[in-house]
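Q: Okay, handing you the structure first.
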Amino acid sequence: SVQDIQVGTFSVYPNPSDGLFNISTSETVNVSVIDITGKTVYQTNSLEDKTAIDLSSLQSGIYLMKVKGETINKTEKLIIK
């Protein structure tokens with residue numbers, strides 16, 4: 001028999017944003033935001049669904065958000081206006 005593998009879902013919106021991003025996730029995740037130099041500028045563990053993160057203190061530009069959970073492992077591009 002074939003087992004179904006459940007893959008979690010994750011989205012961040014609005015993107016681009018002024019720095020306030022909403023998170024939609026099907027499971028608890030760990031999030032790291034990294035700038036273009038490779039420096040981690042924001043990190044949080046155990047992020048739940050329908051959570052907002054405030055990155056408005058960061059400079060305008062492009063950042064990478066690394067997301068890890070039980071079945072989620074992805075990188076999102078964030079744009080701060």
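Chain labels follow the order of the structure tokens: the first chain is A, the next B, and so on; residue numbering restarts at 1 in every chain, and ligands are counted from 1 in their shown order.
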Excluding A:Lys77 and any residue of its chain fewer than 2 positions from it, enumerate the residues within 7 Å of it, using only C-alpha atoms, and give them as a PyMOL selection string.
A: chain A and resi 62-65+75+79
Q: Can you pull out the residues contacting stretch 7-11 of chain A? Cut-off 10 Å, using only C-alpha atoms, and skip same-chain residues under 3 positions away; I want them as a PDB file with C-alpha atoms, in the first residue's frame.
A:
```pdb
ATOM      1  CA  ASP A   4      -0.003   9.635   1.803  1.00  0.00           C
ATOM      2  CA  PRO A  14       1.490  41.130   1.883  1.00  0.00           C
ATOM      3  CA  PHE A  21       4.050  40.582   7.394  1.00  0.00           C
ATOM      4  CA  ASN A  22       1.229  38.153   8.155  1.00  0.00           C
ATOM      5  CA  ILE A  23       1.995  34.451   8.399  1.00  0.00           C
ATOM      6  CA  SER A  24      -0.332  31.644   7.377  1.00  0.00           C
ATOM      7  CA  THR A  25       0.951  28.182   8.241  1.00  0.00           C
ATOM      8  CA  SER A  26      -0.500  24.706   8.683  1.00  0.00           C
ATOM      9  CA  GLU A  27       1.955  23.850  11.461  1.00  0.00           C
ATOM     10  CA  THR A  28       4.274  25.464  13.989  1.00  0.00           C
ATOM     11  CA  VAL A  29       7.442  26.721  12.280  1.00  0.00           C
ATOM     12  CA  ASP A  49      -0.774  30.286  12.201  1.00  0.00           C
ATOM     13  CA  VAL A  67      11.041  28.563   7.284  1.00  0.00           C
ATOM     14  CA  LYS A  68      11.407  25.152   8.936  1.00  0.00           C
ATOM     15  CA  GLY A  69       8.722  22.951  10.428  1.00  0.00           C
ATOM     16  CA  GLU A  70       7.910  19.280  10.677  1.00  0.00           C
ATOM     17  CA  THR A  71       6.921  19.040   6.993  1.00  0.00           C
ATOM     18  CA  ILE A  72       7.797  22.571   5.815  1.00  0.00           C
ATOM     19  CA  ASN A  73      11.295  23.572   4.708  1.00  0.00           C
ATOM     20  CA  LYS A  74      11.328  26.531   2.352  1.00  0.00           C
ATOM     21  CA  GLU A  76      10.672  32.978   0.792  1.00  0.00           C
TER      22      GLU A  76
END
```
Q: Between A:Leu20, A:Thr37, A:Asn15, A:Leu78, single out the one closest to A:Ala52, counting only C-alpha atoms.
A: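 Closest candidate: A:Leu20.
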Q: Can you tell me, as number ranges by chain, which residues in chain A count as strand (DSSP E) by DSSP?
A: A: 10-13, 20-25, 29-34, 40-47, 51-54, 61-69, 73-80
Q: Quick one: residues within 10 Å of A:Leu58, only C-alpha atoms counted, chain neighbours fewer than 2 positions away excluded, as JSON, numbers by chain?
A: {"A": [18, 19, 35, 41, 42, 54, 55, 56, 60, 61, 63, 80]}
Q: Residues as selected, all heavy atoms, written as a PDB file, in the first residue's frame, can you do that?
A:
```pdb
ATOM      1  N   ASP A  18       5.481  47.254   4.036  1.00  0.00           N
ATOM      2  CA  ASP A  18       6.225  48.280   4.753  1.00  0.00           C
ATOM      3  C   ASP A  18       6.990  47.687   5.937  1.00  0.00           C
ATOM      4  O   ASP A  18       7.674  48.404   6.650  1.00  0.00           O
ATOM      5  CB  ASP A  18       5.281  49.375   5.251  1.00  0.00           C
ATOM      6  CG  ASP A  18       4.735  50.210   4.102  1.00  0.00           C
ATOM      7  OD1 ASP A  18       5.426  50.344   3.077  1.00  0.00           O
ATOM      8  OD2 ASP A  18       3.609  50.726   4.233  1.00  0.00           O
ATOM      9  N   GLY A  19       6.848  46.390   6.147  1.00  0.00           N
ATOM     10  CA  GLY A  19       7.587  45.714   7.209  1.00  0.00           C
ATOM     11  C   GLY A  19       6.723  44.838   8.087  1.00  0.00           C
ATOM     12  O   GLY A  19       7.221  44.060   8.880  1.00  0.00           O
ATOM     13  N   ASP A  35      19.518  39.045   5.747  1.00  0.00           N
ATOM     14  CA  ASP A  35      19.724  40.137   4.789  1.00  0.00           C
ATOM     15  C   ASP A  35      20.645  39.676   3.662  1.00  0.00           C
ATOM     16  O   ASP A  35      21.117  38.535   3.652  1.00  0.00           O
ATOM     17  CB  ASP A  35      20.233  41.408   5.480  1.00  0.00           C
ATOM     18  CG  ASP A  35      21.624  41.278   6.070  1.00  0.00           C
ATOM     19  OD1 ASP A  35      22.343  40.289   5.767  1.00  0.00           O
ATOM     20  OD2 ASP A  35      22.029  42.174   6.824  1.00  0.00           O
ATOM     21  N   VAL A  41      18.857  38.742  10.722  1.00  0.00           N
ATOM     22  CA  VAL A  41      18.376  39.996  11.302  1.00  0.00           C
ATOM     23  C   VAL A  41      17.112  39.804  12.130  1.00  0.00           C
ATOM     24  O   VAL A  41      16.698  40.707  12.864  1.00  0.00           O
ATOM     25  CB  VAL A  41      18.137  41.061  10.213  1.00  0.00           C
ATOM     26  CG1 VAL A  41      19.454  41.469   9.570  1.00  0.00           C
ATOM     27  CG2 VAL A  41      17.153  40.579   9.161  1.00  0.00           C
ATOM     28  N   TYR A  42      16.493  38.631  12.042  1.00  0.00           N
ATOM     29  CA  TYR A  42      15.291  38.317  12.826  1.00  0.00           C
ATOM     30  C   TYR A  42      15.188  36.808  12.933  1.00  0.00           C
ATOM     31  O   TYR A  42      15.442  36.091  11.958  1.00  0.00           O
ATOM     32  CB  TYR A  42      14.034  38.875  12.145  1.00  0.00           C
ATOM     33  CG  TYR A  42      12.751  38.549  12.863  1.00  0.00           C
ATOM     34  CD1 TYR A  42      12.285  39.353  13.887  1.00  0.00           C
ATOM     35  CD2 TYR A  42      12.007  37.424  12.515  1.00  0.00           C
ATOM     36  CE1 TYR A  42      11.097  39.047  14.553  1.00  0.00           C
ATOM     37  CE2 TYR A  42      10.828  37.111  13.179  1.00  0.00           C
ATOM     38  CZ  TYR A  42      10.379  37.925  14.194  1.00  0.00           C
ATOM     39  OH  TYR A  42       9.217  37.617  14.854  1.00  0.00           O
ATOM     40  N   ASP A  54       6.776  41.907  12.775  1.00  0.00           N
ATOM     41  CA  ASP A  54       7.048  43.312  12.483  1.00  0.00           C
ATOM     42  C   ASP A  54       8.522  43.477  12.162  1.00  0.00           C
ATOM     43  O   ASP A  54       9.375  43.371  13.048  1.00  0.00           O
ATOM     44  CB  ASP A  54       6.650  44.172  13.666  1.00  0.00           C
ATOM     45  CG  ASP A  54       6.777  45.659  13.401  1.00  0.00           C
ATOM     46  OD1 ASP A  54       7.162  46.039  12.270  1.00  0.00           O
ATOM     47  OD2 ASP A  54       6.477  46.441  14.309  1.00  0.00           O
ATOM     48  N   LEU A  55       8.813  43.728  10.891  1.00  0.00           N
ATOM     49  CA  LEU A  55      10.182  43.952  10.444  1.00  0.00           C
ATOM     50  C   LEU A  55      10.370  45.399  10.001  1.00  0.00           C
ATOM     51  O   LEU A  55      11.293  45.704   9.249  1.00  0.00           O
ATOM     52  CB  LEU A  55      10.522  42.991   9.296  1.00  0.00           C
ATOM     53  CG  LEU A  55      10.365  41.496   9.584  1.00  0.00           C
ATOM     54  CD1 LEU A  55      10.642  40.673   8.337  1.00  0.00           C
ATOM     55  CD2 LEU A  55      11.250  41.065  10.727  1.00  0.00           C
ATOM     56  N   SER A  56       9.494  46.287  10.454  1.00  0.00           N
ATOM     57  CA  SER A  56       9.535  47.687  10.013  1.00  0.00           C
ATOM     58  C   SER A  56      10.790  48.414  10.479  1.00  0.00           C
ATOM     59  O   SER A  56      11.126  49.460   9.935  1.00  0.00           O
ATOM     60  CB  SER A  56       8.287  48.430  10.483  1.00  0.00           C
ATOM     61  OG  SER A  56       8.182  48.395  11.888  1.00  0.00           O
ATOM     62  N   SER A  60      14.758  49.303   3.988  1.00  0.00           N
ATOM     63  CA  SER A  60      14.104  48.848   2.758  1.00  0.00           C
ATOM     64  C   SER A  60      15.064  47.950   1.990  1.00  0.00           C
ATOM     65  O   SER A  60      16.269  48.178   1.984  1.00  0.00           O
ATOM     66  CB  SER A  60      13.735  50.037   1.885  1.00  0.00           C
ATOM     67  OG  SER A  60      12.818  50.853   2.550  1.00  0.00           O
ATOM     68  N   GLY A  61      14.519  46.918   1.360  1.00  0.00           N
ATOM     69  CA  GLY A  61      15.359  46.031   0.575  1.00  0.00           C
ATOM     70  C   GLY A  61      14.781  44.641   0.469  1.00  0.00           C
ATOM     71  O   GLY A  61      13.624  44.391   0.816  1.00  0.00           O
ATOM     72  N   TYR A  63      15.044  40.604   1.484  1.00  0.00           N
ATOM     73  CA  TYR A  63      15.492  39.696   2.535  1.00  0.00           C
ATOM     74  C   TYR A  63      15.025  38.286   2.197  1.00  0.00           C
ATOM     75  O   TYR A  63      14.095  38.108   1.415  1.00  0.00           O
ATOM     76  CB  TYR A  63      14.900  40.111   3.890  1.00  0.00           C
ATOM     77  CG  TYR A  63      15.373  41.466   4.363  1.00  0.00           C
ATOM     78  CD1 TYR A  63      14.758  42.635   3.926  1.00  0.00           C
ATOM     79  CD2 TYR A  63      16.452  41.572   5.229  1.00  0.00           C
ATOM     80  CE1 TYR A  63      15.204  43.876   4.349  1.00  0.00           C
ATOM     81  CE2 TYR A  63      16.904  42.810   5.654  1.00  0.00           C
ATOM     82  CZ  TYR A  63      16.281  43.957   5.214  1.00  0.00           C
ATOM     83  OH  TYR A  63      16.727  45.187   5.628  1.00  0.00           O
ATOM     84  N   ILE A  80      10.855  44.674   1.572  1.00  0.00           N
ATOM     85  CA  ILE A  80      10.415  45.748   2.457  1.00  0.00           C
ATOM     86  C   ILE A  80      10.549  47.053   1.681  1.00  0.00           C
ATOM     87  O   ILE A  80      11.640  47.387   1.212  1.00  0.00           O
ATOM     88  CB  ILE A  80      11.224  45.785   3.763  1.00  0.00           C
ATOM     89  CG1 ILE A  80      11.030  44.461   4.527  1.00  0.00           C
ATOM     90  CG2 ILE A  80      10.801  46.969   4.617  1.00  0.00           C
ATOM     91  CD1 ILE A  80      11.823  44.350   5.797  1.00  0.00           C
TER      92      ILE A  80
END
```
Q: Find the residue from A:Thr44, A:Ser32, A:Lys81, A:Gly38 that sits nearest to A:Ser57; use only C-alpha atoms when measuring.
A: A:Lys81
